[in-house]
$ cat my_file15.txt   # compact mmCIF, C-alpha atoms
# COMPACT_ATOMS: atom_id res chain seq x y z
CA MET A 60 85.58 40.86 58.46
CA ILE A 61 82.64 42.92 57.19
CA GLU A 62 81.97 45.62 59.79
CA MET A 63 78.28 45.90 60.66
CA GLN A 64 78.69 46.50 64.38
CA TYR A 65 79.65 50.18 64.56
CA ASN A 66 77.54 52.71 62.72
CA PHE A 67 79.51 55.65 61.33
CA PRO A 68 77.89 56.69 58.03
CA LEU A 69 80.54 58.27 55.83
CA LEU A 70 80.65 59.45 52.22
CA PRO A 71 83.54 59.64 49.74
CA GLY A 72 85.36 62.97 49.98
CA GLN A 73 84.64 63.61 53.64
CA PRO A 74 88.22 63.01 54.89
CA GLU A 75 89.64 65.72 52.62
CA GLN A 76 86.73 68.04 53.39
CA TRP A 77 87.32 67.71 57.14
CA ARG A 78 91.06 68.14 56.72
CA GLU A 79 90.48 71.44 54.91
CA ARG A 80 88.16 72.68 57.67
CA LEU A 81 90.65 71.80 60.39
CA ARG A 82 93.47 73.49 58.48
CA ALA A 83 91.39 76.66 58.08
CA ALA A 84 90.51 76.64 61.79
CA VAL A 85 94.18 76.31 62.76
CA ASP A 86 95.18 79.08 60.36
CA ALA A 87 92.55 81.34 61.95
CA LEU A 88 94.17 81.12 65.39
CA ASP A 89 95.54 84.41 66.68
CA GLU A 90 99.28 83.78 67.16
CA ASN A 91 99.38 86.39 69.93
CA ASN A 92 96.33 85.16 71.84
CA PHE A 93 97.37 82.36 74.18
CA ASN A 94 93.78 81.97 75.39
CA GLU A 95 92.95 80.28 72.09
CA LEU A 96 95.23 77.39 73.06
CA ARG A 97 93.70 76.93 76.48
CA PRO A 98 90.66 74.76 77.29
CA THR A 99 87.58 76.74 76.40
CA PHE A 100 84.18 77.04 78.03
CA ARG A 101 81.15 79.07 77.09
CA SER A 102 82.50 82.59 77.55
CA ASN A 103 84.75 82.80 74.49
CA GLN A 104 82.73 80.59 72.15
CA THR A 105 79.43 82.45 72.20
CA ALA A 106 79.42 83.04 68.43
CA LEU A 107 79.92 79.32 67.78
CA THR A 108 77.23 78.35 70.27
CA ASN A 109 74.80 80.81 68.71
CA ALA A 110 75.47 79.40 65.24
CA GLY A 111 74.67 75.91 66.48
CA ALA A 112 71.51 77.13 68.20
CA ARG A 113 70.31 78.82 64.99
CA TRP A 114 70.92 75.61 63.05
CA MET A 115 68.96 73.47 65.54
CA GLY A 116 66.31 76.08 66.31
CA THR A 117 67.09 76.06 70.03
CA PRO A 118 67.36 78.96 72.52
CA PRO A 119 71.00 80.15 72.42
CA GLU A 120 71.05 80.95 76.13
CA ARG A 121 70.30 77.27 76.88
CA THR A 122 72.62 75.79 74.25
CA PHE A 123 76.14 74.64 75.10
CA LEU A 124 79.04 73.18 73.14
CA THR A 125 80.26 69.72 74.15
CA GLU A 126 82.91 67.22 73.08
CA GLY A 127 80.30 65.24 71.15
CA GLY A 128 76.95 63.70 71.97
CA HIS A 129 78.33 61.10 74.37
CA HIS A 130 79.86 63.92 76.41
CA GLY A 131 76.54 65.75 76.34
CA SER A 132 74.63 62.84 77.86
CA LEU A 133 77.28 62.45 80.56
CA ILE A 134 77.03 66.15 81.44
CA SER A 135 73.26 65.76 81.66
CA LEU A 136 73.64 63.08 84.31
CA MET A 137 76.21 65.13 86.20
CA VAL A 138 74.55 68.53 86.30
CA SER A 139 71.06 67.19 87.03
CA GLY A 140 72.12 65.33 90.16
CA LEU A 141 70.96 62.01 88.74
CA ALA A 142 73.92 60.04 90.09
CA GLY A 143 72.50 57.12 92.06
CA GLN A 144 68.94 57.88 90.91
CA THR A 145 66.75 55.41 89.00
CA ILE A 146 66.46 56.00 85.25
CA ALA A 147 63.82 54.47 82.97
CA VAL A 148 65.13 53.35 79.58
CA ASP A 149 63.86 51.26 76.69
CA ALA A 150 63.93 47.47 76.98
CA ALA A 151 66.56 47.74 74.23
CA ALA A 152 68.66 50.90 74.55
CA TYR A 153 71.94 52.44 73.38
CA THR A 154 74.82 50.68 75.12
CA GLY A 155 76.86 53.87 75.59
CA ALA A 156 74.08 55.46 77.62
CA LEU A 157 73.70 52.30 79.68
CA VAL A 158 77.41 52.25 80.48
CA GLN A 159 77.31 55.91 81.55
CA ALA A 160 74.28 55.38 83.79
CA ARG A 161 75.81 52.34 85.44
CA ALA A 162 79.08 54.19 85.98
CA MET A 163 77.05 56.84 87.82
CA ARG A 164 75.46 54.02 89.86
CA CYS A 165 72.02 54.70 88.43
CA PRO A 166 69.64 51.71 88.66
CA LEU A 167 67.96 51.11 85.29
CA ILE A 168 64.37 50.07 84.61
CA GLY A 169 63.61 48.74 81.13
CA CYS A 170 60.25 49.83 79.70
CA ALA A 171 58.34 47.93 77.03
CA VAL A 172 58.91 48.99 73.41
CA ASP A 173 56.88 48.75 70.23
CA ASP A 174 57.31 50.08 66.70
CA GLU A 175 57.37 53.66 68.08
CA GLY A 176 59.89 53.03 70.83
CA MET A 177 59.13 53.43 74.54
CA VAL A 178 55.53 52.60 75.49
CA ALA A 179 54.17 55.43 77.65
CA GLU A 180 51.85 53.18 79.66
CA SER A 181 54.76 50.92 80.54
CA LEU A 182 56.67 53.97 81.76
CA ARG A 183 53.67 55.04 83.85
CA GLU A 184 53.35 51.58 85.42
CA HIS A 185 57.01 51.55 86.42
CA CYS A 186 56.79 55.06 87.87
CA ALA A 187 53.67 54.18 89.86
CA ALA A 188 55.08 50.91 91.21
CA GLU A 189 55.91 51.05 94.90
CA GLY A 190 59.61 51.43 95.61
CA ASN A 191 60.77 52.37 92.10
CA ARG A 192 61.21 56.15 92.59
CA VAL A 193 62.07 56.83 88.96
CA ALA A 194 63.86 60.18 88.54
CA ALA A 195 64.40 60.42 84.77
CA ILE A 196 63.99 58.77 81.39
CA TYR A 197 66.54 58.33 78.62
CA VAL A 198 64.98 58.10 75.15
CA THR A 199 65.79 58.31 71.45
CA PRO A 200 62.39 59.13 69.93
CA THR A 201 63.72 59.90 66.44
CA VAL A 202 65.42 56.93 64.75
CA HIS A 203 65.81 54.83 67.85
CA ASN A 204 69.10 53.13 68.59
CA PRO A 205 69.11 50.12 68.18
CA LEU A 206 65.56 49.65 66.81
CA GLY A 207 65.53 52.41 64.17
CA CYS A 208 61.89 53.38 64.79
CA VAL A 209 60.35 56.86 65.11
CA ALA A 210 57.86 57.97 67.77
CA SER A 211 54.70 59.70 66.56
CA LEU A 212 53.62 63.07 67.95
CA ALA A 213 50.96 61.30 70.01
CA ARG A 214 53.57 59.00 71.55
CA ARG A 215 55.87 61.92 72.35
CA GLU A 216 53.04 63.82 74.00
CA ALA A 217 52.14 60.72 76.02
CA LEU A 218 55.73 60.35 77.26
CA VAL A 219 55.84 64.04 78.19
CA ALA A 220 52.54 63.68 80.07
CA VAL A 221 53.98 60.85 82.17
CA ALA A 222 57.16 62.82 82.77
CA ARG A 223 55.13 65.77 84.05
CA GLU A 224 52.84 63.56 86.12
CA PHE A 225 55.79 62.04 87.99
CA ASP A 226 58.14 65.04 87.69
CA LEU A 227 60.75 63.16 85.66
CA LEU A 228 63.72 64.67 83.89
CA ILE A 229 64.20 63.65 80.25
CA VAL A 230 67.48 62.98 78.46
CA GLU A 231 66.69 63.04 74.74
CA ASP A 232 69.42 61.62 72.50
CA ASP A 233 69.03 62.92 68.95
CA ALA A 234 72.16 61.36 67.43
CA TYR A 235 70.22 59.92 64.50
CA GLY A 236 67.42 62.46 64.23
CA TYR A 237 68.84 63.88 61.00
CA MET A 238 67.82 60.62 59.27
CA GLU A 239 64.13 61.57 59.64
CA PRO A 240 63.83 65.21 58.44
CA ASP A 241 60.02 65.24 58.84
CA ALA A 242 59.99 63.90 62.40
CA PRO A 243 57.52 65.36 64.93
CA PRO A 244 58.79 68.02 67.37
CA THR A 245 61.50 66.92 69.78
CA LEU A 246 60.69 66.28 73.42
CA ALA A 247 62.88 69.30 74.16
CA LYS A 248 60.37 71.47 72.30
CA LEU A 249 57.38 69.79 73.93
CA ALA A 250 58.82 69.89 77.46
CA PRO A 251 61.72 72.38 77.58
CA GLU A 252 61.44 72.74 81.35
CA ARG A 253 62.66 69.17 81.97
CA THR A 254 64.49 67.96 78.84
CA PHE A 255 68.21 67.70 78.19
CA TYR A 256 68.57 67.61 74.39
CA VAL A 257 71.76 65.91 73.17
CA ARG A 258 73.03 66.23 69.62
CA GLY A 259 76.47 65.42 68.20
CA LEU A 260 78.06 65.39 64.76
CA SER A 261 79.62 61.91 64.86
CA LYS A 262 76.71 60.40 62.88
CA SER A 263 75.45 63.35 60.85
CA TYR A 264 78.99 64.30 59.80
CA ALA A 265 81.88 62.12 61.04
CA PRO A 266 83.10 60.51 64.28
CA GLY A 267 86.27 62.60 64.14
CA ALA A 268 84.25 65.81 64.45
CA ARG A 269 84.29 65.93 68.25
CA THR A 270 81.78 68.75 68.60
CA GLY A 271 78.29 68.42 69.98
CA PHE A 272 75.48 70.53 71.37
CA LEU A 273 73.55 70.23 74.61
CA VAL A 274 70.35 72.15 75.29
CA VAL A 275 69.43 72.23 78.97
CA PRO A 276 66.44 73.30 81.09
CA GLU A 277 66.94 76.86 82.30
CA ARG A 278 67.30 75.90 85.97
CA PHE A 279 70.44 73.86 85.23
CA ILE A 280 72.36 76.58 83.37
CA PRO A 281 74.39 77.72 86.43
CA GLY A 282 76.06 74.32 86.80
CA LEU A 283 76.89 73.68 83.15
CA SER A 284 80.32 75.32 82.91
CA SER A 285 81.54 73.40 85.95
CA ALA A 286 80.21 70.09 84.58
CA ILE A 287 81.90 70.68 81.23
CA MET A 288 85.18 71.59 82.92
CA ASN A 289 85.14 68.59 85.26
CA SER A 290 84.16 66.06 82.61
CA ALA A 291 86.46 67.06 79.73
CA THR A 292 88.43 70.16 80.81
CA GLY A 293 86.50 72.22 78.30
CA SER A 294 86.31 71.81 74.53
CA SER A 295 88.60 72.46 71.57
CA LEU A 296 88.24 75.84 69.91
CA VAL A 297 89.85 74.53 66.72
CA HIS A 298 87.51 71.57 66.42
CA ASN A 299 84.48 73.68 67.27
CA ARG A 300 85.38 76.31 64.68
CA ALA A 301 85.88 73.64 62.03
CA ALA A 302 82.59 71.93 62.87
CA VAL A 303 80.53 75.11 63.09
CA SER A 304 81.93 76.29 59.75
CA LEU A 305 80.20 73.26 58.22
CA VAL A 306 76.95 74.42 59.80
CA GLU A 307 77.25 78.07 58.83
CA ASP A 308 77.92 77.64 55.10
CA GLY A 309 75.35 74.87 54.58
CA THR A 310 77.89 72.10 54.01
CA LEU A 311 76.57 69.97 56.86
CA ASP A 312 73.00 70.16 55.54
CA ARG A 313 74.22 69.09 52.09
CA VAL A 314 76.16 66.16 53.58
CA ILE A 315 73.09 65.14 55.57
CA ALA A 316 70.91 65.24 52.44
CA GLU A 317 73.41 63.05 50.58
CA LYS A 318 73.64 60.64 53.51
CA ASN A 319 69.86 60.32 53.63
CA VAL A 320 69.72 59.44 49.93
CA GLU A 321 72.42 56.81 50.37
CA GLY A 322 70.91 55.61 53.65
CA ALA A 323 67.51 55.11 52.00
CA ARG A 324 69.15 53.13 49.19
CA ARG A 325 71.04 50.85 51.57
CA ASN A 326 68.04 50.49 53.87
CA ALA A 327 65.69 49.45 51.06
CA ALA A 328 68.20 46.97 49.66
CA ALA A 329 68.84 45.47 53.10
CA ARG A 330 65.12 45.14 53.88
CA SER A 331 64.59 43.42 50.54
CA LEU A 332 67.25 40.85 51.40
CA LEU A 333 65.95 40.33 54.94
CA ARG A 334 62.29 40.34 53.86
CA ASN A 335 59.84 40.60 56.79
CA ARG A 336 62.34 40.09 59.59
CA CYS A 337 63.09 43.79 60.30
CA TRP A 338 61.61 46.10 62.93
CA ALA A 339 59.63 49.06 61.62
CA GLY A 340 61.99 51.99 61.09
CA ALA A 341 62.89 55.19 59.28
CA ARG A 342 63.41 54.70 55.54
CA ALA A 343 66.79 56.48 55.59
CA ALA A 344 68.11 54.82 58.76
CA TRP A 345 71.63 53.41 58.45
CA HIS A 346 70.87 50.64 60.96
CA LEU A 347 68.23 47.95 61.23
CA TRP A 348 66.92 45.74 64.00
CA VAL A 349 66.44 42.16 62.83
CA ASN A 350 64.21 39.74 64.72
CA LEU A 351 65.40 36.24 65.57
CA PRO A 352 63.30 33.08 66.00
CA SER A 353 62.42 32.45 69.64
CA HIS A 354 64.62 29.35 69.75
CA THR A 355 67.77 31.31 68.80
CA THR A 356 69.75 33.57 71.14
CA PRO A 357 71.43 36.75 69.90
CA GLN A 358 74.70 35.61 71.49
CA TRP A 359 74.67 32.43 69.42
CA PHE A 360 73.77 34.23 66.21
CA GLU A 361 76.43 36.92 66.71
CA GLN A 362 79.06 34.21 67.08
CA ARG A 363 77.71 32.41 64.01
CA MET A 364 78.07 35.56 61.94
CA ILE A 365 81.66 36.02 63.14
CA GLU A 366 82.30 32.60 61.62
CA ARG A 367 80.85 34.04 58.39
CA GLU A 368 83.22 37.04 58.66
CA VAL A 369 80.44 39.51 59.51
CA ALA A 370 80.44 41.54 62.76
CA ILE A 371 76.96 42.40 64.08
CA SER A 372 75.61 43.57 67.46
CA GLY A 373 73.61 40.96 69.36
CA GLY A 374 70.55 42.22 71.20
CA ASN A 375 72.03 41.19 74.53
CA TRP A 376 74.31 44.26 74.38
CA PHE A 377 71.25 46.55 74.38
CA ALA A 378 68.87 44.60 76.64
CA THR A 379 67.72 46.14 79.92
CA SER A 380 64.86 43.78 80.77
CA LYS A 381 63.48 40.33 80.04
CA ASP A 382 61.01 42.01 77.66
CA ALA A 383 63.78 43.12 75.29
CA PRO A 384 63.08 42.06 71.70
CA ASN A 385 64.97 38.95 70.61
CA GLY A 386 67.19 40.01 67.75
CA PHE A 387 70.25 41.98 66.69
CA ARG A 388 71.31 45.25 65.09
CA ILE A 389 73.12 45.56 61.80
CA ALA A 390 74.87 48.82 60.95
CA LEU A 391 74.77 49.77 57.29
CA GLY A 392 77.39 52.48 57.84
CA GLY A 393 80.18 50.30 59.16
CA GLU A 394 81.51 49.92 55.62
CA VAL A 395 82.00 52.93 53.35
CA ASP A 396 81.54 50.69 50.30
CA ALA A 397 77.82 49.98 49.90
CA GLU A 398 78.28 46.71 48.04
CA ARG A 399 80.46 45.33 50.81
CA ALA A 400 77.83 46.32 53.39
CA LEU A 401 75.08 44.61 51.39
CA GLU A 402 77.24 41.50 51.01
CA GLY A 403 77.24 41.38 54.80
CA VAL A 404 73.44 41.66 54.82
CA ALA A 405 73.20 38.85 52.28
CA ARG A 406 75.27 36.57 54.52
CA VAL A 407 73.03 37.44 57.47
CA ALA A 408 69.96 36.59 55.38
CA GLU A 409 71.48 33.25 54.39
CA GLU A 410 72.02 32.28 58.02
CA LEU A 411 68.51 33.37 58.97
CA ASP A 412 67.09 31.22 56.18
CA ARG A 413 68.89 28.23 57.67
CA LEU A 414 67.09 28.85 60.97
CA SER A 415 63.63 28.89 59.40
$ encode --input "my_file15.txt" --output "structure tokens"
Amino acid sequence: MIEMQYNFPLLPGQPEQWRERLRAAVDALDENNFNELRPTFRSNQTALTNAGARWMGTPPERTFLTEGGHHGSLISLMVSGLAGQTIAVDAAAYTGALVQARAMRCPLIGCAVDDEGMVAESLREHCAAEGNRVAAIYVTPTVHNPLGCVASLARREALVAVAREFDLLIVEDDAYGYMEPDAPPTLAKLAPERTFYVRGLSKSYAPGARTGFLVVPERFIPGLSSAIMNSATGSSLVHNRAAVSLVEDGTLDRVIAEKNVEGARRNAAARSLLRNRCWAGARAAWHLWVNLPSHTTPQWFEQRMIEREVAISGGNWFATSKDAPNGFRIALGGEVDAERALEGVARVAEELDRLS
């Protein structure tokens, strides 16, 4: 089975590189300091947090270490009191965030999307509708998951304007932002007073690097340590030291640059095979949204590709409204070998041709 369902971009040499960083972090443990083996919160990882904040260009006093991006988004829901509150999301949105919101009993409203992601006017209409009482939005403005598109500065400012008009909190997931180095400012920079900015290393480095960063509005700082403790009993000092060492010596930036070169190569080759069927997206994105004919369901096509030994993600997994685009996502980072990934794309293209 060619894996095009889960998107974990990896490069040759990364396993050994990560093993060396973990070994160095273990060797650096103080054998007489038992606190280094206990769950850790902010107090004894300030240097690591500050290093991450410098790398991202975020205020260190509002930056916290997490057990990855997924953990960061969960903490955002917990500390903000959003449990049970209505959250506006894209008509096609990241399944992990949808699962978290539903687990917190948050009703979801799917907003219309275009080639820049969430449409601000659709968000405004939902917020203004009687009985909706929207409390927050969850968005991925830079390299959207699953669509792969990037919001312009004008679109970001429009979303922020709606958020301020209706006093909404914003959860900004920047898992794939590294794939678009020249992206406009994050929502967290445009609206720091209401934005939870979530960033992990599972995409930019590797899924085994369970370190992430969460930047929070100042008013929520007092509750962060408790939320981290109650959601994951703290974070691993060893893993955080290993991950931050990649940041501090420039290794992570070099890996990202290499991934963006390879991502652009795979993306261009995949788009060539799929021709005009793809959603607009970042040139270095390691995933693509592919449109289906109106007479074909994503469930049917996903099953058809399983018969062709290719695993894809049908759009039904991401859909939050009847306005969700009819299509599916293919992950170009599910296979380390590029030729195997492109063989999967070729099989997808063959099946799409049969539907024409």
$ residues_around --input "my_file15.txt" --residues "Phe377 of chain A" --least-positions-apart "5" --cutoff "8 Å" --atoms "all atoms listed in the file" --output "PyMOL selection string"
chain A and resi 150-154+205
$ closest_residue --input "my_file15.txt" --among "A:Ala171, A:Ala179, A:Leu96, A:Ile280" --to "Gly293 of chain A" --atoms "only C-alpha atoms"
A:Leu96
$ axis_aligned_box --input "my_file15.txt" --around "segment 160-163 of chain A" --padding-each-side "3 Å" --output "JSON"
{"center_x": 76.7, "center_y": 54.6, "center_z": 85.8, "size_x": 10.8, "size_y": 10.5, "size_z": 10.0}
$ closest_residue --input "my_file15.txt" --among "A:Ala400, A:Leu227, A:Ile287, A:Ala217" --to "His130 of chain A" --atoms "all atoms listed in the file"
A:Ile287
$ residues_around --input "my_file15.txt" --residues "segment 248-257 of chain A" --least-positions-apart "3" --cutoff "8 Å" --atoms "all atoms listed in the file" --output "ChimeraX atom specification"
/A:128,131-132,135,216,219,227-234,244-245,271-277
$ residues_around --input "my_file15.txt" --residues "Asp86 of chain A" --least-positions-apart "5" --cutoff "10 Å" --atoms "only C-alpha atoms" --output "PyMOL selection string"
chain A and resi 80-81+297
